[in-house]
Amino acid sequence: MVVIDADRVGHELLWKGRGGYAAVVETFGPGILGPRGGIDRSRLADVVFADTRARRRLESILHPRILALVHRRIERLARRRFAVVVLEAALLVESGFDRVVDDFVVVLSEEREQVARLVRGRRMDPAAARARIRAQWPGSRKARAARWVVPNDGTREDLEREAQRVHREMNEHPATRRLRDAWRRRRP
């Protein structure tokens with residue numbers, strides 16, 4: 001199994017000389033650049049999470065590029081005969097990435113818990129954390145689109161138990177069995 005982190009792919013596209021750099025700088029101006037000329041993601045975040053239209057412009061620049069790069073990576077992994085590729089993407093449904101996956105899991109927690117985690121883990125201002133969370137679809141809307149939902153308001157052990165439950169259900173799912181059988185037939 002291989003994990004592709006769509007957020008990390010997006011970060012790579014913002015590196016100087018990469019696919020999204022020029023378009024983002026052209027759109028948002030030199031005020032988003034750091035001292036060495038690279039995009040300062042915190043400056044960019046300040047702009048796009050304060051203005052819905054700016055966020056949508058950024059998404060219109062990056063999402064198609066992220067999707068194309070993820071597609072290429074998945075195709076490369078398929079040629080190397082990886083049967084399972086996990087795509088981690090916070091905006092999976094909103095961005096249309098759900099079209100490139102067979103099934104998906106939504107991990108849900110209450111907004112107050114999400115804010116607390118962003119404040120603790122990224123040392124983010126609570127208002128900025130709420131703005132980022134509210135820029136996404138509500139968890140209930142994502143959950144309706146997902147085959148599996150994992151609650152994540154409890155302890156780490158609770159999360160691990162839920163993840164193991166979903167993993168068992170995935171392995172027992174008819175589509176997974178068909179994929180596994182097809183994979184076995186393809187092997188030399």
# chains A, B, ... in the order shown; residues from 1 in each chain; ligands from 1
>>> residues_around(residues="A:Glu162", least_positions_apart="2", cutoff="9 Å", atoms="only C-alpha atoms", output="number ranges by chain")
A: 149-152, 157-160, 164-167
>>> write_last_selection(atoms="C-alpha atoms", output="PDB file, in the first residue's frame")
ATOM      1  CA  VAL A 149     -17.174   7.159   8.409  1.00  0.00           C
ATOM      2  CA  VAL A 150     -14.709   7.140  11.272  1.00  0.00           C
ATOM      3  CA  PRO A 151     -15.534   9.238  14.342  1.00  0.00           C
ATOM      4  CA  ASN A 152     -12.471  10.992  15.761  1.00  0.00           C
ATOM      5  CA  GLU A 157      -7.080   4.229  20.973  1.00  0.00           C
ATOM      6  CA  ASP A 158     -10.701   4.887  19.963  1.00  0.00           C
ATOM      7  CA  LEU A 159      -9.500   6.129  16.568  1.00  0.00           C
ATOM      8  CA  GLU A 160      -7.276   3.081  16.080  1.00  0.00           C
ATOM      9  CA  GLN A 164      -9.315  -1.294  12.317  1.00  0.00           C
ATOM     10  CA  ARG A 165     -13.083  -1.765  12.039  1.00  0.00           C
ATOM     11  CA  VAL A 166     -13.178   0.102   8.736  1.00  0.00           C
ATOM     12  CA  HIS A 167     -10.167  -1.828   7.472  1.00  0.00           C
TER      13      HIS A 167
END
>>> residues_around(residues="A:Ala23", least_positions_apart="2", cutoff="12 Å", atoms="only C-alpha atoms", output="PDB file with N, CA and C atoms, in the first residue's frame")
ATOM      1  N   LEU A  13       3.717  21.782  -5.537  1.00  0.00           N
ATOM      2  CA  LEU A  13       3.394  22.613  -6.694  1.00  0.00           C
ATOM      3  C   LEU A  13       3.660  24.095  -6.445  1.00  0.00           C
ATOM      4  N   LEU A  14       3.748  24.488  -5.184  1.00  0.00           N
ATOM      5  CA  LEU A  14       4.024  25.883  -4.841  1.00  0.00           C
ATOM      6  C   LEU A  14       5.514  26.197  -4.765  1.00  0.00           C
ATOM      7  N   TRP A  15       6.352  25.151  -4.851  1.00  0.00           N
ATOM      8  CA  TRP A  15       7.795  25.407  -4.807  1.00  0.00           C
ATOM      9  C   TRP A  15       8.204  26.205  -6.033  1.00  0.00           C
ATOM     10  N   LYS A  16       9.182  27.036  -5.853  1.00  0.00           N
ATOM     11  CA  LYS A  16       9.704  27.857  -6.942  1.00  0.00           C
ATOM     12  C   LYS A  16      10.103  26.950  -8.112  1.00  0.00           C
ATOM     13  N   GLY A  17       9.611  27.304  -9.295  1.00  0.00           N
ATOM     14  CA  GLY A  17       9.922  26.524 -10.486  1.00  0.00           C
ATOM     15  C   GLY A  17       8.982  25.363 -10.741  1.00  0.00           C
ATOM     16  N   ARG A  18       8.027  25.106  -9.851  1.00  0.00           N
ATOM     17  CA  ARG A  18       7.093  23.990 -10.040  1.00  0.00           C
ATOM     18  C   ARG A  18       5.799  24.488 -10.669  1.00  0.00           C
ATOM     19  N   GLY A  19       4.907  23.560 -10.970  1.00  0.00           N
ATOM     20  CA  GLY A  19       3.714  23.807 -11.771  1.00  0.00           C
ATOM     21  C   GLY A  19       2.761  24.896 -11.331  1.00  0.00           C
ATOM     22  N   GLY A  20       2.644  25.179 -10.066  1.00  0.00           N
ATOM     23  CA  GLY A  20       1.684  26.187  -9.643  1.00  0.00           C
ATOM     24  C   GLY A  20       2.299  27.506  -9.219  1.00  0.00           C
ATOM     25  N   TYR A  21       3.600  27.514  -9.058  1.00  0.00           N
ATOM     26  CA  TYR A  21       4.291  28.688  -8.508  1.00  0.00           C
ATOM     27  C   TYR A  21       3.977  29.969  -9.298  1.00  0.00           C
ATOM     28  N   VAL A  25       1.778  33.213  -7.942  1.00  0.00           N
ATOM     29  CA  VAL A  25       2.429  34.513  -7.734  1.00  0.00           C
ATOM     30  C   VAL A  25       1.797  35.567  -8.641  1.00  0.00           C
ATOM     31  N   GLU A  26       1.518  35.189  -9.882  1.00  0.00           N
ATOM     32  CA  GLU A  26       0.884  36.134 -10.809  1.00  0.00           C
ATOM     33  C   GLU A  26      -0.488  36.557 -10.295  1.00  0.00           C
ATOM     34  N   THR A  27      -1.231  35.620  -9.733  1.00  0.00           N
ATOM     35  CA  THR A  27      -2.585  35.901  -9.254  1.00  0.00           C
ATOM     36  C   THR A  27      -2.587  36.705  -7.961  1.00  0.00           C
ATOM     37  N   PHE A  28      -1.710  36.367  -7.019  1.00  0.00           N
ATOM     38  CA  PHE A  28      -1.775  36.963  -5.684  1.00  0.00           C
ATOM     39  C   PHE A  28      -0.691  38.008  -5.417  1.00  0.00           C
ATOM     40  N   GLY A  29       0.264  38.142  -6.312  1.00  0.00           N
ATOM     41  CA  GLY A  29       1.254  39.194  -6.194  1.00  0.00           C
ATOM     42  C   GLY A  29       2.442  38.842  -5.319  1.00  0.00           C
ATOM     43  N   PRO A  30       3.444  39.712  -5.310  1.00  0.00           N
ATOM     44  CA  PRO A  30       4.690  39.448  -4.588  1.00  0.00           C
ATOM     45  C   PRO A  30       4.548  39.495  -3.064  1.00  0.00           C
ATOM     46  N   ILE A  39       7.126  30.952  -2.201  1.00  0.00           N
ATOM     47  CA  ILE A  39       5.806  31.298  -1.669  1.00  0.00           C
ATOM     48  C   ILE A  39       5.782  30.995  -0.180  1.00  0.00           C
ATOM     49  N   ARG A  57     -10.043  31.171  -6.248  1.00  0.00           N
ATOM     50  CA  ARG A  57      -9.043  31.378  -7.314  1.00  0.00           C
ATOM     51  C   ARG A  57      -7.848  30.453  -7.102  1.00  0.00           C
ATOM     52  N   LEU A  58      -7.385  30.371  -5.860  1.00  0.00           N
ATOM     53  CA  LEU A  58      -6.260  29.479  -5.566  1.00  0.00           C
ATOM     54  C   LEU A  58      -6.637  28.028  -5.882  1.00  0.00           C
ATOM     55  N   GLU A  59      -7.822  27.611  -5.461  1.00  0.00           N
ATOM     56  CA  GLU A  59      -8.264  26.248  -5.740  1.00  0.00           C
ATOM     57  C   GLU A  59      -8.363  25.991  -7.242  1.00  0.00           C
ATOM     58  N   SER A  60      -8.814  26.994  -8.005  1.00  0.00           N
ATOM     59  CA  SER A  60      -8.933  26.806  -9.456  1.00  0.00           C
ATOM     60  C   SER A  60      -7.560  26.673 -10.116  1.00  0.00           C
ATOM     61  N   ILE A  61      -6.553  27.243  -9.491  1.00  0.00           N
ATOM     62  CA  ILE A  61      -5.186  27.099  -9.995  1.00  0.00           C
ATOM     63  C   ILE A  61      -4.609  25.748  -9.586  1.00  0.00           C
ATOM     64  N   LEU A  62      -4.728  25.415  -8.314  1.00  0.00           N
ATOM     65  CA  LEU A  62      -4.029  24.239  -7.792  1.00  0.00           C
ATOM     66  C   LEU A  62      -4.759  22.919  -7.978  1.00  0.00           C
ATOM     67  N   ARG A  65      -4.135  20.940 -11.154  1.00  0.00           N
ATOM     68  CA  ARG A  65      -2.735  20.503 -11.200  1.00  0.00           C
ATOM     69  C   ARG A  65      -2.480  19.373 -10.212  1.00  0.00           C
TER      70      ARG A  65
END
>>> residues_around(residues="A:Glu94", least_positions_apart="2", cutoff="12 Å", atoms="only C-alpha atoms", output="PyMOL selection string")
chain A and resi 56+59-60+63+89-92+96-99+135-139+141-142+145
>>> atom_distance(atom1="atom CA of A:Asp153", atom2="atom CA of A:Arg112")
9.7 Å
>>> atom_distance(atom1="atom CA of A:Arg81", atom2="atom CA of A:Met1")
10.4 Å
